[in-house]
>>> print(open('input.json').read())   # JSON, C-alpha atoms
[["chain", "number", "residue", "atom", "x", "y", "z"],
["A", 1, "MET", "CA", -0.65, -21.65, 16.48],
["A", 2, "ARG", "CA", -3.37, -19.05, 17.13],
["A", 3, "ILE", "CA", -2.01, -15.61, 16.39],
["A", 4, "ALA", "CA", -4.99, -13.42, 15.53],
["A", 5, "LYS", "CA", -6.34, -12.69, 18.98],
["A", 6, "GLU", "CA", -9.14, -10.15, 19.20],
["A", 7, "ARG", "CA", -8.21, -8.99, 22.64],
["A", 8, "THR", "CA", -5.08, -7.20, 23.77],
["A", 9, "ILE", "CA", -2.86, -8.49, 26.56],
["A", 10, "SER", "CA", -4.96, -6.52, 29.07],
["A", 11, "GLY", "CA", -8.05, -8.39, 27.79],
["A", 12, "LYS", "CA", -9.61, -5.19, 26.43],
["A", 13, "LEU", "CA", -10.77, -4.88, 22.81],
["A", 14, "ASP", "CA", -9.92, -1.32, 21.72],
["A", 15, "THR", "CA", -11.15, -0.84, 18.12],
["A", 16, "TYR", "CA", -13.01, -3.37, 15.98],
["A", 17, "ILE", "CA", -13.97, -3.10, 12.29],
["A", 18, "GLY", "CA", -16.48, -5.84, 11.47],
["A", 19, "GLU", "CA", -16.94, -7.95, 8.34],
["A", 20, "GLU", "CA", -19.66, -5.74, 6.87],
["A", 21, "THR", "CA", -17.69, -2.51, 7.39],
["A", 22, "PHE", "CA", -15.50, -0.75, 4.83],
["A", 23, "PHE", "CA", -13.26, 2.27, 5.59],
["A", 24, "GLU", "CA", -11.38, 4.42, 3.10],
["A", 25, "GLY", "CA", -8.75, 6.99, 4.12],
["A", 26, "THR", "CA", -6.15, 7.22, 6.87],
["A", 27, "LEU", "CA", -6.96, 5.17, 9.96],
["A", 28, "THR", "CA", -4.99, 6.15, 13.08],
["A", 29, "SER", "CA", -5.09, 4.45, 16.50],
["A", 30, "LYS", "CA", -3.08, 4.77, 19.70],
["A", 31, "LYS", "CA", -4.32, 1.38, 20.95],
["A", 32, "SER", "CA", -5.09, -2.00, 19.36],
["A", 33, "LEU", "CA", -7.03, -2.38, 16.15],
["A", 34, "THR", "CA", -8.85, -5.51, 14.92],
["A", 35, "ILE", "CA", -10.07, -5.61, 11.32],
["A", 36, "TYR", "CA", -12.43, -8.20, 9.85],
["A", 37, "GLY", "CA", -13.79, -5.84, 7.18],
["A", 38, "GLY", "CA", -12.13, -3.76, 4.48],
["A", 39, "VAL", "CA", -9.74, -0.82, 4.67],
["A", 40, "LYS", "CA", -8.30, 1.13, 1.76],
["A", 41, "GLY", "CA", -5.68, 3.86, 2.26],
["A", 42, "LYS", "CA", -3.25, 3.96, 5.18],
["A", 43, "ILE", "CA", -3.27, 2.46, 8.71],
["A", 44, "GLU", "CA", -1.10, 3.77, 11.55],
["A", 45, "CYS", "CA", -1.28, 2.18, 14.99],
["A", 46, "GLN", "CA", 0.89, 2.57, 18.08],
["A", 47, "GLY", "CA", -0.36, -0.77, 19.41],
["A", 48, "ARG", "CA", -1.23, -4.10, 17.78],
["A", 49, "ILE", "CA", -3.13, -4.57, 14.51],
["A", 50, "VAL", "CA", -4.96, -7.84, 13.90],
["A", 51, "VAL", "CA", -6.25, -8.53, 10.39],
["A", 52, "GLY", "CA", -8.81, -11.31, 10.76],
["A", 53, "GLN", "CA", -9.35, -14.05, 8.20],
["A", 54, "SER", "CA", -12.11, -12.08, 6.43],
["A", 55, "GLY", "CA", -10.07, -8.87, 6.56],
["A", 56, "ASN", "CA", -9.25, -7.33, 3.18],
["A", 57, "ILE", "CA", -6.73, -4.48, 3.38],
["A", 58, "GLU", "CA", -5.48, -2.31, 0.51],
["A", 59, "ALA", "CA", -3.27, -0.05, 2.55],
["A", 60, "ASP", "CA", 0.20, 0.53, 3.92],
["A", 61, "ILE", "CA", 0.35, -0.51, 7.57],
["A", 62, "VAL", "CA", 2.63, 0.92, 10.26],
["A", 63, "ALA", "CA", 2.27, -0.51, 13.80],
["A", 64, "ASN", "CA", 4.16, -1.90, 16.75],
["A", 65, "ASP", "CA", 2.84, -5.46, 16.25],
["A", 66, "VAL", "CA", 0.88, -6.89, 13.31],
["A", 67, "ALA", "CA", -0.94, -10.25, 13.06],
["A", 68, "ILE", "CA", -2.36, -11.20, 9.67],
["A", 69, "SER", "CA", -4.86, -13.97, 8.95],
["A", 70, "GLY", "CA", -6.56, -12.19, 6.02],
["A", 71, "LYS", "CA", -5.28, -10.37, 2.94],
["A", 72, "VAL", "CA", -3.06, -7.28, 2.85],
["A", 73, "VAL", "CA", -2.10, -5.54, -0.39],
["A", 74, "GLY", "CA", 0.42, -2.88, 0.62],
["A", 75, "ASN", "CA", 3.62, -2.43, 2.59],
["A", 76, "VAL", "CA", 3.71, -3.54, 6.23],
["A", 77, "THR", "CA", 6.02, -2.06, 8.87],
["A", 78, "ALA", "CA", 5.82, -3.88, 12.22],
["A", 79, "LYS", "CA", 8.33, -2.23, 14.55],
["A", 80, "SER", "CA", 8.38, -5.13, 16.99],
["A", 81, "LYS", "CA", 6.81, -8.25, 15.43],
["A", 82, "LEU", "CA", 4.87, -9.47, 12.39],
["A", 83, "GLU", "CA", 2.91, -12.71, 12.69],
["A", 84, "MET", "CA", 1.32, -14.37, 9.69],
["A", 85, "ALA", "CA", -1.19, -17.22, 9.92],
["A", 86, "SER", "CA", -1.48, -20.02, 7.36],
["A", 87, "THR", "CA", -4.45, -18.15, 5.82],
["A", 88, "GLY", "CA", -2.57, -14.84, 5.68],
["A", 89, "VAL", "CA", -1.57, -13.13, 2.43],
["A", 90, "ILE", "CA", 0.77, -10.16, 2.01],
["A", 91, "GLN", "CA", 1.40, -8.58, -1.38],
["A", 92, "GLY", "CA", 3.94, -5.86, -0.63],
["A", 93, "ASP", "CA", 7.19, -5.19, 1.17],
["A", 94, "VAL", "CA", 7.68, -5.94, 4.86],
["A", 95, "LYS", "CA", 9.89, -4.29, 7.50],
["A", 96, "THR", "CA", 9.98, -5.86, 10.95],
["A", 97, "ALA", "CA", 12.27, -6.79, 13.83],
["A", 98, "ARG", "CA", 10.74, -10.29, 14.16],
["A", 99, "LEU", "CA", 8.86, -12.36, 11.59],
["A", 100, "ILE", "CA", 6.75, -15.39, 12.47],
["A", 101, "MET", "CA", 5.08, -17.14, 9.54],
["A", 102, "GLU", "CA", 2.94, -20.27, 9.64],
["A", 103, "ASP", "CA", 3.23, -22.89, 6.92],
["A", 104, "GLY", "CA", 0.81, -21.97, 4.13],
["A", 105, "GLY", "CA", 1.02, -18.20, 4.55],
["A", 106, "LYS", "CA", 1.64, -16.36, 1.28],
["A", 107, "PHE", "CA", 4.11, -13.49, 0.97],
["A", 108, "ASP", "CA", 5.00, -11.74, -2.28],
["A", 109, "GLY", "CA", 7.48, -8.90, -1.76],
["A", 110, "HIS", "CA", 10.75, -8.02, -0.07],
["A", 111, "CYS", "CA", 11.55, -8.31, 3.63],
["A", 112, "GLU", "CA", 13.85, -6.03, 5.61],
["A", 113, "MET", "CA", 14.73, -7.03, 9.15],
["A", 114, "LEU", "CA", 14.80, -4.05, 11.51],
["A", 115, "PRO", "CA", 17.07, -4.01, 14.54],
["A", 116, "ASP", "CA", 15.50, -4.43, 17.95],
["A", 117, "GLY", "CA", 17.22, -4.35, 21.32],
["A", 118, "LYS", "CA", 18.44, -7.96, 21.17],
["A", 119, "SER", "CA", 19.37, -8.16, 17.48],
["A", 120, "ALA", "CA", 21.20, -4.82, 17.55],
["A", 121, "VAL", "CA", 23.60, -6.17, 20.20],
["A", 122, "VAL", "CA", 24.16, -9.41, 18.24],
["A", 123, "GLU", "CA", 24.65, -7.48, 14.99],
["A", 124, "LYS", "CA", 27.21, -5.17, 16.60],
["A", 125, "ALA", "CA", 29.13, -8.06, 18.16],
["A", 126, "THR", "CA", 29.12, -10.01, 14.90],
["A", 127, "THR", "CA", 30.30, -7.00, 12.91],
["A", 128, "GLU", "CA", 33.10, -6.24, 15.35],
["A", 129, "GLN", "CA", 34.32, -9.84, 15.15],
["A", 130, "SER", "CA", 34.08, -10.13, 11.36],
["A", 131, "PRO", "CA", 37.34, -10.63, 9.39],
["A", 132, "LYS", "CA", 36.86, -7.29, 7.66],
["A", 133, "ALA", "CA", 36.63, -5.48, 11.00],
["A", 134, "LEU", "CA", 39.61, -7.42, 12.37],
["A", 135, "SER", "CA", 41.82, -6.45, 9.45],
["A", 136, "SER", "CA", 41.76, -2.83, 10.58],
["A", 137, "LYS", "CA", 42.78, -3.80, 14.11],
["A", 138, "GLU", "CA", 45.46, -6.09, 15.46],
["A", 139, "PRO", "CA", 45.44, -9.65, 14.09],
["A", 140, "PRO", "CA", 43.30, -12.14, 15.98],
["A", 141, "LYS", "CA", 45.03, -14.06, 18.73],
["A", 142, "GLU", "CA", 45.67, -17.70, 18.08],
["A", 143, "LEU", "CA", 43.25, -19.96, 19.89],
["A", 144, "PRO", "CA", 44.72, -22.73, 22.06],
["A", 145, "ASP", "CA", 44.77, -26.18, 20.50],
["A", 146, "PRO", "CA", 42.31, -28.33, 22.52],
["A", 147, "SER", "CA", 44.32, -31.50, 21.76],
["A", 148, "ARG", "CA", 47.31, -30.09, 23.66],
["A", 149, "LYS", "CA", 47.29, -30.41, 27.41],
["A", 150, "SER", "CA", 48.52, -27.43, 29.31],
["A", 151, "ARG", "CA", 51.31, -27.93, 31.85],
["A", 152, "LYS", "CA", 51.18, -26.02, 35.08]]
>>> encode(input="input.json", output="structure tokens")
Amino acid sequence: MRIAKERTISGKLDTYIGEETFFEGTLTSKKSLTIYGGVKGKIECQGRIVVGQSGNIEADIVANDVAISGKVVGNVTAKSKLEMASTGVIQGDVKTARLIMEDGGKFDGHCEMLPDGKSAVVEKATTEQSPKALSSKEPPKELPDPSRKSRK
């Protein structure tokens, strides 16, 4: 599985930080961001962040999508999706709606799954049908026994 693509869906590379580049402070982007160098501080991106295999991040990351093939020391919030390659390392807590992790990826922290459009509907339906929720309403109706044949 190749997850760390340098180009966005439109095929355009928005911002690139190369292997020999180091940035310290708050890095903010409205588009995609690809990092093969080092960043220390905080990263906020409204698009997709790709941390390449040589990327070395010591920062909290907040973005729509995050793909990690390098090393991240800090908390990661990926509102839509977090992808981690087999070479990826995260040392920190993760919040995301979807998590995709290749065999070999290393994660040391806690993970919180955020609701997205699809999971919020499933979560609501599951909660409403749970025994605890049913106890406050009328008792569940008995299901028909499939071994009995109905007569009509």
>>> residues_around(input="input.json", residues="Val62 (chain A)", least_positions_apart="2", cutoff="10 Å", atoms="all atoms listed in the file", output="MDAnalysis selection string")
chainID A and resid 28 42:49 59:60 64:66 75:79 95
>>> closest_residue(input="input.json", among="A:Gly25, A:Gly109, A:Gly104, A:Gly18", to="Val72 (chain A)", atoms="only C-alpha atoms")
A:Gly109
>>> closest_residue(input="input.json", among="A:Ala63, A:Cys111, A:Ile100, A:Ile68", to="Ile35 (chain A)", atoms="all atoms listed in the file")
A:Ile68
>>> residues_around(input="input.json", residues="Arg98 (chain A)", least_positions_apart="4", cutoff="7 Å", atoms="all atoms listed in the file", output="mmCIF file with C-alpha atoms, in the coordinates of the input")
data_model
loop_
_atom_site.group_PDB
_atom_site.id
_atom_site.type_symbol
_atom_site.label_atom_id
_atom_site.label_comp_id
_atom_site.auth_asym_id
_atom_site.auth_seq_id
_atom_site.Cartn_x
_atom_site.Cartn_y
_atom_site.Cartn_z
ATOM 1 C CA SER A 80 8.380 -5.130 16.990
ATOM 2 C CA LYS A 81 6.810 -8.250 15.430
ATOM 3 C CA LEU A 82 4.870 -9.470 12.390
#
>>> atom_distance(input="input.json", atom1="CA of Ser54 (chain A)", atom2="CA of Glu19 (chain A)")
6.6 Å
>>> atom_distance(input="input.json", atom1="CA of Val51 (chain A)", atom2="CA of Met84 (chain A)")
9.6 Å
>>> residues_around(input="input.json", residues="Glu58 (chain A)", least_positions_apart="4", cutoff="8 Å", atoms="all atoms listed in the file", output="number ranges by chain")
A: 38-41, 72-74
>>> closest_residue(input="input.json", among="A:Ile57, A:Leu13, A:Ala67, A:Leu114", to="Ala97 (chain A)", atoms="all atoms listed in the file")
A:Leu114
>>> atom_distance(input="input.json", atom1="CA of Thr96 (chain A)", atom2="CA of Met113 (chain A)")
5.2 Å
>>> residues_around(input="input.json", residues="Thr87 (chain A)", least_positions_apart="4", cutoff="8 Å", atoms="all atoms listed in the file", output="PyMOL selection string")
chain A and resi 53+69-70+104-106
>>> closest_residue(input="input.json", among="A:Val50, A:Leu33, A:Ile90, A:Leu27", to="Asp14 (chain A)", atoms="all atoms listed in the file")
A:Leu33
>>> residues_around(input="input.json", residues="Thr15 (chain A)", least_positions_apart="4", cutoff="10 Å", atoms="only C-alpha atoms", output="list in words")
Glu6, Arg7, Ser29, Lys30, Lys31, Ser32, Leu33, Thr34, Ile35 and Ile49 of chain A
